[in-house]
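For reference, the structure is listed below as structure tokens.
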2 protein chains.
Amino acid sequence: MTGTQKILELNAFDMKQGAAGLAPVTEALIRRRRATFGPTSMLFYKRPLHVVRAEGVWLYEADGTRCLDAYNNVPSIGHCHPAVTAAVAKQMAILNTHTRYLHDGVYAYAERLLGTMPGAISNIVFTCTGSESADLALRIARTVTGRAGLIATENAYHGNTTAVTQVSPSSASTEEQPPNVMLIPAPDTYRGGADALGPRFAKDVQHAIATLKDRGFAPAALIADTIFSSDGIFPGDAGFLADAVDAVRDAGGLFIADEVQPGFARTGEAMWGFMRHGIVPDVAVMGKPMGNGFPMGGVAIRPDLLAAFGSENGYFNTFGGNPVAAAAGMAVLDTIAAERLQENARETGAYLRDGIVALGSPVIGDVRGTGLYIGVELVHDCESRTPDRNAAERLVNAMRERNVLIGTAGKFGNVLKIRPPLAFRREHADIFLEAFAAALTAATP
Amino acid sequence: MTGTQKILELNAFDMKQGAAGLAPVTEALIRRRRATFGPTSMLFYKRPLHVVRAEGVWLYEADGTRCLDAYNNVPSIGHCHPAVTAAVAKQMAILNTHTRYLHDGVYAYAERLLGTMPGAISNIVFTCTGSESADLALRIARTVTGRAGLIATENAYHGNTTAVTQVSPSSASTEEQPPNVMLIPAPDTYRGGADALGPRFAKDVQHAIATLKDRGFAPAALIADTIFSSDGIFPGDAGFLADAVDAVRDAGGLFIADEVQPGFARTGEAMWGFMRHGIVPDVAVMGKPMGNGFPMGGVAIRPDLLAAFGSENGYFNTFGGNPVAAAAGMAVLDTIAAERLQENARETGAYLRDGIVALGSPVIGDVRGTGLYIGVELVHDCESRTPDRNAAERLVNAMRERNVLIGTAGKFGNVLKIRPPLAFRREHADIFLEAFAAALTAATP
């Protein structure tokens with residue numbers, strides 16, 4: 001697969017084809033976007049959304065159409081949640097400065113956030129994005145271990161900085177994979193089976209360590225999003241990751257848990273993805289859902305690692321951990337608890353998954369997930385299991401025509417990614433399932 | 001200078017010494033900070049600030065003390081400016097999503113921002129921070145030129161990602177300088193004189209290109225903050241940079257203007273630092289003052305470069321260019337115009353500079369700057385010009401005791417960095433000058 005093919009994701013509007021046939025207002029916006037963002041910036045869907053407002057699990061288009069959001073994990077507690085908008089508006093008017101001055105609210109948030117982590121992970125560095133967090137985590141791992149080797153899965157995404165792109169093969173790139181990075185297969189329970197998943201994945205990690213050794217590198221870290229989202233959503237059985245983490249630690253490397261996707265209660269089983277596996281990472285990377293849209297991220301870390309890094313290396317993030325971010329983050333944690341969003345993710349997620357399974361279809365090879373993160377793998381037929389990229393494209397766009405928003409994932413681009421805000425309730429799942437039944441009929445033979 | 005020495009900046013509170021002697025409330029906050037952020041996170045001043053609110057050019061401590069802010073360039077149009085707080089509060093409650101949907105406000109801001117740039121710089125990629133912007137700019141430069149060589153000044157700071165740290169020698173690091181990076185002397189008008197500054201700096205660039213060539217690298221880019229802030233604030237005569245930019249272009253490299261420090265009207269002479277020099281960069285990097293504290297950044301770029309990069313490489317920034325950032329950014333541009341902040345930077349900056357020169361002192365070797373960015377170089381005596389790091393430390397803390405906030409810069413750590421919000425008016429300059437006179441008397445022999 002070339003970079004270009006990867007870039008033009010299945011559910012992307014093709015900017016090069018132009019906007020003929022769309023509403024004149026939409027066409028004008030696309031022209032303005034192309035003029036300012038250039039022709040390669042990606043827009044979702046064959047008929048792009050022109051959004052004007054949002055609330056809870058709903059995005060509203062300019063013509064008044066209401067779209068059910070089953071895709072976005074940034075507005076995790078719901079679009080424009082009043083708890084966050086109020087907290088941000090209030091703090092913005094009082095004080096918004098950096099962490100080189102003392103501020104009570106910033107430490108209160110740090111304490112509250114770290115209180116959701118295992119005791120061993122007792123320090124935090126605030127950043128502005130998941131990418132900045134992953135970049136810092138990798139840098140600390142390399143610096144503290146004195147090693148360069150990195151292990152990630154073969155269609156992982158951990159962020160967009162130069163360094164993080166090297167462990168993010170899913171983001172299209174013509175840059176060569178450097179020899180210190182080893183990519184291993186995702187823990188694919190559909191094509192590889194669920195049996196012995198832990199030992200199998202650990203074996204792949206051990207193989208990567210051996211290959212790195214042949215190339216002259218020792219492992220600094222294994223980095224993984226513990227539900228393997230961009231690989232195609234492979235949560236696996238809770239606990240299976242422990243063997244792989246042991247393997248990398250036995251070789252002197254660290255385990256970095258990328259919590260941008262599974263974190264903040266999305267899996268329904270725990271606040272953090274790594275907790276599903278009964279493991280304690282050395283570093284946990286946070287981003288997207290942390291501030292419900294206020295740009296913020298963080299690196300939660302073992303204090304000995306941070307001290308070792310910080311004693312010789314300066315790191316300061318100007319916007320990171322500002323009082324407004326702290327207020328937004330605190331409102332998110334409060335709301336997850338107050339609205340029982342973890343429980344909702346578990347219950348509504350299971351209901352939605354069961355509903356999709358019940359619908360059935362010859363093109364659905366597998367339905368998997370945990371909490372409100374569901375992958376539906378589309379195949380030509382269930383015997384050959386040949387990935388059906390085109391079916392995924394048709395379905396995503398057929399859902400969009402029914403005003404329900406989903407995306408795709410996986411190295412074959414054939415896995416539907418269903419990842420709604422955690423405020424997605426049973427009534428929304430019902431709307432989703434009705435649309436999905438109709439879309440399946442319309443979009444599959 | 002080792003990493004550790006560099007980290008413990010002159011105006012830093014020494015976390016390792018503990019908080020004995022400070023107010024109990026302050027001491028308790030420092031304990032909580034140490035417990036969550038670790039012992040290596042840097043706090044300003046020997047007696048750290050405990051801030052609770054801010055407005056315009058004023059920061060308020062918990063005990064009610066009002067501190068004049070002559071340091072912060074993030075709240076560039078003034079702390080908690082009502083135009084930005086209102087814009088953010090309003091848009092947060094309406095819609096805050098990403099750029100894969102169409103949104104009028106985002107393009108309106110992009111058009112407005114690009115309208116302040118030369119016509120050749122007609123595309124923008126939104127990010128969340130200056131670091132993300134610099135990281136992307138360097139990556140594009142390397143990808144599009146197919147070259148690895150980078151040139152920066154010897155005490156530059158361009159950001160905190162792994163890749164950007166390599167061209168940010170001022171941020172303490174034990175990581176080795178890679179062979180593809182060449183550091184050149186800053187255009188030092190104090191120790192090198194103002195004569196022939198353009199040819200001199202261009203010669204250093206040419207020498208770096210030759211050295212890179214010997215090492216097997218061709219230049220991808222020269223990156224510079226056009227007033228050389230962390231090098232010690234060397235704006236030089238307007239126009240001197242043109243020769244150096246010609247030199248890197250003659251060798252097939254790009255010029256990346258880092259506008260995080262001089263941009264958004266700070267120099268008083270132009271909206272962008274590069275405009276002072278009558279040059280058009282290939283890429284302009286934006287950050288800090290862009291959203292007056294709302295985390296946002298951007299890469300303004302020649303469209304052919306972005307298209308060449310984007311045709312083979314995916315880049316998406318989740319929070320970048322969201323409708324709330326666009327609203328904040330638009331309010332900043334509106335306010336710069338409405339409150340004539342560029343004119344104020346020029347006029348008040350000149351007034352403040354003249355006032356400092358008039359005060360005089362045997363330890364002041366040089367006063368330089370443009371607009372509201374002033375460097376005061378402290379020396380043991382004006383004949384030897386030996387940098388006096390300790391005098392800078394004493395003065396910064398003496399000013400803090402007089403409730404005026406400044407910082408330090410320069411490879412010797414002996415340059416006072418005076419960089420107030422652009423809302424800093426003549427009346428504030430008078431308060432500053434009174435405190436500065438007293439601090440000079442108290443802190444120098």
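Order determines the names: the first chain of the structure tokens is A, the second B, and so forth; residues in each chain are numbered 1 upward, and ligands are numbered 1 upward as they are shown.
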
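For region 253-317 of chain A, backbone-based DSSP assignment of helix (DSSP H, G or I) covers A:Gly273, A:Phe274, A:Met275, A:Arg276, A:His277, A:Lys288, A:Pro289, A:Met290, A:Gly291, A:Pro303, A:Asp304, A:Leu305, A:Leu306, A:Ala307, A:Ala308, A:Phe309, A:Gly310.
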
Every residue of region 48-294 of chain B that DSSP places in strand (DSSP E), as a count of residues only: 42

Thr85 (chain A): which residues within 7 Å, counting only C-alpha atoms, same-chain residues fewer than 3 positions away excluded, as a PyMOL selection string? (chain A and resi 80-82+88-89) or (chain B and resi 89+92-93)

Would you save the residues from that selection as a CSV table (one decimal), in the first residue's frame, using C-alpha atoms?
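Once written, part.csv looks like this:
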chain,number,residue,atom,x,y,z
A,80,CYS,CA,-20.6,21.2,24.5
A,81,HIS,CA,-21.2,19.6,27.9
A,82,PRO,CA,-22.2,22.5,30.2
A,88,VAL,CA,-13.6,27.0,30.9
A,89,ALA,CA,-15.6,30.2,30.6
B,89,ALA,CA,-17.1,30.9,26.1
B,92,MET,CA,-17.4,26.4,23.4
B,93,ALA,CA,-21.2,26.3,24.0

Please report the interatomic distance between CA of Asp135 (chain B) and CA of Phe294 (chain A) in Å with one decimal. 21.4 Å

Proximal residues of chain A relative to chain B (only C-alpha atoms; 6 Å) as JSON, numbers by chain: {"A": [3, 4, 7, 36, 37, 40, 43, 44, 49, 50, 51, 53, 54, 80, 85, 89, 92, 93, 94, 95, 100, 101, 102, 103, 123, 124, 171, 172, 173, 295, 310, 312, 313, 314, 319]}
